[in-house]
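Peer 1: Handing you this structure, nothing more for now.
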Amino acid sequence: MLKRLLGCVREFKRPTIITLVFIIGEVIIECLIPFITADLVNRIKAGAEIKSIIFTGIILTVMAVMSLSCGGIAGYSCAKASAGFARNLRNDLFDSVQDYSFENIDKFSSASLVTRLTTDVTNVQMAFMMLIRIAVRCPLMLIFSVIMAYIMGGMLSATFVVVIPILALGLIFIGRNAMPAFRRVFRKYDKLNESIEENVRGMRVVKGFSREDYEKKKFEVAADDICKDFTRAERIVALNSPLMQLCVYFNMIFVLLVGSRLTITSMGETIDVGQISAMLTYGMQILISLMMLSMIYVMLTLSAESAKRIYEVLSEKPGIVNPENPVTEVKDGSIVFENVNFKYSSKADKYALFDIDLEIPSGATVGIIGGTGSSKSTLVQLIPRLYDVITGSIKVGGVDVRDYDVTALRDSVAMVLQKNQLFSGTIKENLRWGNENATDEEIEEAARLAQAHDFVMSFQDGYDTYIEQGGTNVSGGQKQRLCIARALLKKPKILILDDSTSAVDTKTDAFIRSGFKKYIPDTTKLIIAQRISSVEDADIIIVMDGGSIVAKGTHSELLVSSEIYRDIYTQQTGGGDKE
């Protein structure tokens with residue numbers, strides 16, 4: 001895990017190394033200053049000349065400036081390295097998610113992925129910053145200070161034999177007891193973010209049913225739950241301060257009492273005032289180093305859980321990958337299902353699709369009808385290989401979809417969903433998702449065919465009208481037509497409409513289907529619909545029920561042969577026949 005995460009340092013290795021070098025320099029200088037100061041105090045007591053004192057003062061000033069410079073350079077390079085590390089880590093995480101199949105995405109909730117890309121990366125960034133700066137500085141300071149304290153104080157350094165183990169054991173106790181609480185918090189953060197995302201997405205429903213108070217209480221309960229866990233963890237971590245104070249004051253009292261006694265009884269022969277002052281300084285450095293190490297321990301404890309969650313995303317193997325020698329060109333839009341069986345999870349007891357045998361010639365228009373839960377959407381999602389079949393095969397253009405380059409296959413298939421997504425940006429920018437090189441004339445032509453041009457031009461800025469996140473400033477029907485126009489610009493070999501005209505009236509629906517015949521006659525068109533009128537002129541109509549194809553044929557054939565189709569038709573038309 002550490003190897004994978006540290007691999008994100010990449011081009012920021014140089015500032016990382018610079019940080020380490022200058023931190024070492026800063027520590028060495030800071031440990032030498034008390035030594036020289038102690039010598040100066042002893043020489044002043046012995047009646048040193050003013051020139052000697054000034055010279056030593058200049059040396060101490062230069063060392064202080066050097067220490068400050070080392071610290072400043074280390075701080076700058078550390079900030080650059082840690083921020084760059086976090087940037088690379090976020091990019092790697094986002095790239096990993098982009099390569100996921102739907103199966104992988106189903107494993108992680110969207111709220112959890114957002115938390116891992118934000119909060120968890122921030123925690124790991126803080127840990128990295130501490131590791132290359134404080135985690136190097138503190139142990140070095142601790143070691144050098146102990147050595148210098150032993151050199152300067154002799155038996156006075158025995159105080160650290162007592163203080164260091166007490167403080168170390170206390171810090172280990174704090175870290176071990178705080179860690180479980182922090183782990184619980186991160187799992188609850190996922191739930192909290194999920195609640196926020198769900199509420200914001202469903203705001204119209206919340207307001208439509210006047211459920212604001214209910215949502216507020218639900219969020220308050222989740223937030224209070226996190227607050228309790230954090231409070232429990234912070235209470236444990238707060239013990240760090242009194243424990244530190246106890247050790248600091250014990251060290252001061254011991255050094256002053258024992259040191260003063262030794263100075264008086266030995267007349268400064270064994271230990272002198274300079275050594276006592278140095279021991280106080282080194283003692284403070286040692287204890288501060290230990291305190292900082294405790295903070296690092298707590299931070300690493302906190303970030304360890306974040307690191308694991310990040311590593312889970314980075315190490316997740318995409319469920320769908322390219323074969324060794326993929327086919328990079330889709331010949332045509334013919335589709336063949338051969339004995340296809342599929343379920344969303346290997347642990348699932350029931351198949352979502354079973355015994356699917358279907359042959360669709362290139363350029364055909366296919367209607368798909370069936371009740372809710374009949375797996376209509378599941379059927380078409382297998383074509384661009386959003387999921388892989390469990391058994392059987394699906395061929396597009398005469399080639400098994402698993403033998404294609406995934407990008408080449410999906411570039412040949414355009415999907416328009418009932419709840420399709422528009423992104424923040426202008427209408428023109430959204431439509432160019434279908435073809436980034438599309439001219440303004442091609443964009444307008446596709447919009448006309450999708451019956452979107454007129455309402456687009458009714459906006460003050462036309463095709464430069466800004467679309468809010470999720471397309472909240474356009475209606476459901478307008479959003480669907482823009483998504484159809486986007487798909488048409490792709491000029492795919494296969495076009496899949498998954499109930500994507502449900503929010504438009506039947507007249508507009510008919511105009512859109514008429515445009516398909518003229519604009520993309522050679523494209524295979526699969527239309528999932530709830531309305532019979534949307535599919536009745538299709539070359540083939542498939543009736544699905546319970547995950548299997550129960551009937552197929554033309555509109556007139558199914559009225560005779562399929563009871564399910566006939567019932568749907570009767571319910572929608574009241575038994576009348578347009579013909």
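Letters A, B, ... mark the chains of the structure tokens in the order given; residue numbers begin at 1 per chain; ligand numbers begin at 1, in order shown.
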Which polymer residues have any atom within 9 Å of an atom of segment 473-478 of chain A, counting only C-alpha atoms, with same-chain residues fewer than 5 positions away left out, as a PyMOL selection string?
Peer 2: chain A and resi 419+452+455-456+466-468+483+500-505
Peer 1: Write the residues of the preceding selection, restricted to C-alpha atoms, as a CSV table (one decimal), in the first residue's frame.
Peer 2:
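Output file part_24.csv is given in full below:
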chain,number,residue,atom,x,y,z
A,419,LYS,CA,-32.5,10.2,-16.8
A,452,ALA,CA,-34.5,20.8,-29.8
A,455,PHE,CA,-36.6,25.8,-27.7
A,456,VAL,CA,-32.8,26.4,-27.7
A,466,TYR,CA,-25.3,28.0,-19.8
A,467,ILE,CA,-26.6,24.7,-18.4
A,468,GLU,CA,-26.5,24.3,-14.7
A,483,CYS,CA,-29.3,14.3,-25.1
A,500,SER,CA,-35.5,8.6,-23.6
A,501,THR,CA,-38.7,10.2,-25.0
A,502,SER,CA,-40.9,9.6,-22.0
A,503,ALA,CA,-40.9,13.3,-21.2
A,504,VAL,CA,-41.9,14.5,-24.6
A,505,ASP,CA,-45.4,14.4,-26.2
Peer 1: Kindly give the distance, in Å, that separates atom CA of Met129 of chain A and atom CA of Thr16 of chain A, rounded to a single decimal.
Peer 2: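 Calculated distance between atom CA of Met129 of chain A and atom CA of Thr16 of chain A is 9.3 Å.
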Peer 1: With DSSP run on the backbone, what are the strand (DSSP E) residues within segment 354-545 of chain A? I'd like them as a PyMOL selection string.
Peer 2: chain A and resi 354-360+365-370+391-396+399-400+413-417+425-426+466-467+494-498+524-528+540-545
Peer 1: Apply DSSP to the structure's backbone, then extract all residues of segment 119-355 of chain A labelled alpha helix (DSSP H) and return them as a count of residues only.
Peer 2: 178
Peer 1: Write out as a count of residues only each polymer residue whose atoms come within 12 Å of Phe128 of chain A, counting only C-alpha atoms; drop sequence neighbours fewer than 2 positions from it.
Peer 2: 36
Peer 1: Hey, which of A:Val401, A:Ala364, A:Ala48, A:Leu20 ends up closest to Val330 of chain A? Count only C-alpha atoms.
Peer 2: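 Comparing A:Val401, A:Ala364, A:Ala48, A:Leu20 against Val330 of chain A, the winner is A:Val401.
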Peer 1: Find the spatial neighbours of Met1 of chain A, counting only C-alpha atoms, within a cut-off of 9 Å - ignore same-chain residues fewer than 6 positions away - and output them as a list in words.
Peer 2: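 With the cut-off at 9 Å, the set is Ala307, Lys308, Tyr311 and Ser315 of chain A.
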Peer 1: Can you list, as a VMD selection string, every protein, DNA or RNA residue that comes within 12 Å of segment 245-249 of chain A when you count only C-alpha atoms, leaving out same-chain residues fewer than 2 positions away?
Peer 2: chain A and resid 159 to 168 170 238 to 243 251 to 257 280 to 291
Peer 1: Find the distance between atom CA of Phe342 of chain A and atom CA of Ile390 of chain A and write it in Å to one decimal.
Peer 2: 5.0 Å
Peer 1: For each of A:Lys525, A:Lys217, A:Arg481, A:Lys107, take the minimum atom-to-atom distance to Phe511 of chain A, counting only C-alpha atoms, then give the residue where this is smallest.
Peer 2: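 Using only C-alpha atoms, Phe511 of chain A sits closest to A:Arg481.
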Peer 1: Within 9 Å of Thr524 of chain A, counting only C-alpha atoms, which residues qualify if same-chain residues fewer than 2 places away don't, as a PyMOL selection string?
Peer 2: chain A and resi 332-335+360-366+492-496+520-522+526
Peer 1: Now that the selection is made, can you save its residues with C-alpha atoms as a short mmCIF file (atom, residue, chain, number, x, y, z; two decimals), in the first residue's frame?
Peer 2:
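The resulting again.cif:
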data_model
loop_
_atom_site.label_atom_id
_atom_site.label_comp_id
_atom_site.auth_asym_id
_atom_site.auth_seq_id
_atom_site.Cartn_x
_atom_site.Cartn_y
_atom_site.Cartn_z
CA ASP A 332 -21.58 -2.52 -38.88
CA GLY A 333 -24.41 -2.33 -36.37
CA SER A 334 -25.60 -5.94 -36.51
CA ILE A 335 -26.22 -7.48 -33.07
CA ILE A 360 -30.75 -7.93 -35.18
CA PRO A 361 -29.60 -6.95 -38.70
CA SER A 362 -27.61 -3.76 -39.19
CA GLY A 363 -29.78 -0.67 -39.75
CA ALA A 364 -32.91 -2.25 -38.23
CA THR A 365 -35.19 -0.42 -35.83
CA VAL A 366 -36.00 -2.57 -32.79
CA PRO A 492 -23.02 5.78 -34.12
CA LYS A 493 -23.47 2.39 -35.71
CA ILE A 494 -25.88 1.50 -32.87
CA LEU A 495 -28.23 3.97 -31.16
CA ILE A 496 -29.92 2.93 -27.92
CA ILE A 520 -29.15 7.72 -39.65
CA PRO A 521 -30.79 5.10 -41.90
CA ASP A 522 -27.86 2.68 -41.60
CA LEU A 526 -32.96 0.05 -30.23
#
Peer 1: If we count only C-alpha atoms and set the cut-off at 12 Å, which residues sit around Lys317 of chain A, ignoring sequence neighbours fewer than 3 positions away in its own chain? Please answer as a list in words.
Peer 2: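 Here the qualifying residues turn out to be Ser96, Val97, Gln98, Asp99, Tyr100, Ser101, Glu103, Asn104, Ile105, Lys107, Tyr311, Glu312, Val313, Leu314, Ile320 and Val321 of chain A.
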Peer 1: Could the residues in this selection be written to a file with C-alpha atoms, as an mmCIF file, in the first residue's frame?
Peer 2:
data_model
loop_
_atom_site.group_PDB
_atom_site.id
_atom_site.type_symbol
_atom_site.label_atom_id
_atom_site.label_comp_id
_atom_site.auth_asym_id
_atom_site.auth_seq_id
_atom_site.Cartn_x
_atom_site.Cartn_y
_atom_site.Cartn_z
ATOM 1 C CA SER A 96 -8.997 4.625 -11.720
ATOM 2 C CA VAL A 97 -12.695 5.437 -11.362
ATOM 3 C CA GLN A 98 -12.896 6.334 -15.063
ATOM 4 C CA ASP A 99 -11.614 2.850 -15.944
ATOM 5 C CA TYR A 100 -14.173 1.120 -13.718
ATOM 6 C CA SER A 101 -16.955 -0.956 -15.148
ATOM 7 C CA GLU A 103 -19.714 -3.631 -11.633
ATOM 8 C CA ASN A 104 -16.820 -1.802 -9.942
ATOM 9 C CA ILE A 105 -18.861 1.357 -9.423
ATOM 10 C CA LYS A 107 -19.130 -1.958 -5.311
ATOM 11 C CA TYR A 311 -5.708 2.021 -1.767
ATOM 12 C CA GLU A 312 -8.947 0.042 -2.144
ATOM 13 C CA VAL A 313 -9.927 2.301 -5.042
ATOM 14 C CA LEU A 314 -6.443 2.295 -6.616
ATOM 15 C CA ILE A 320 -13.866 -4.964 -17.975
ATOM 16 C CA VAL A 321 -10.477 -4.773 -19.705
#
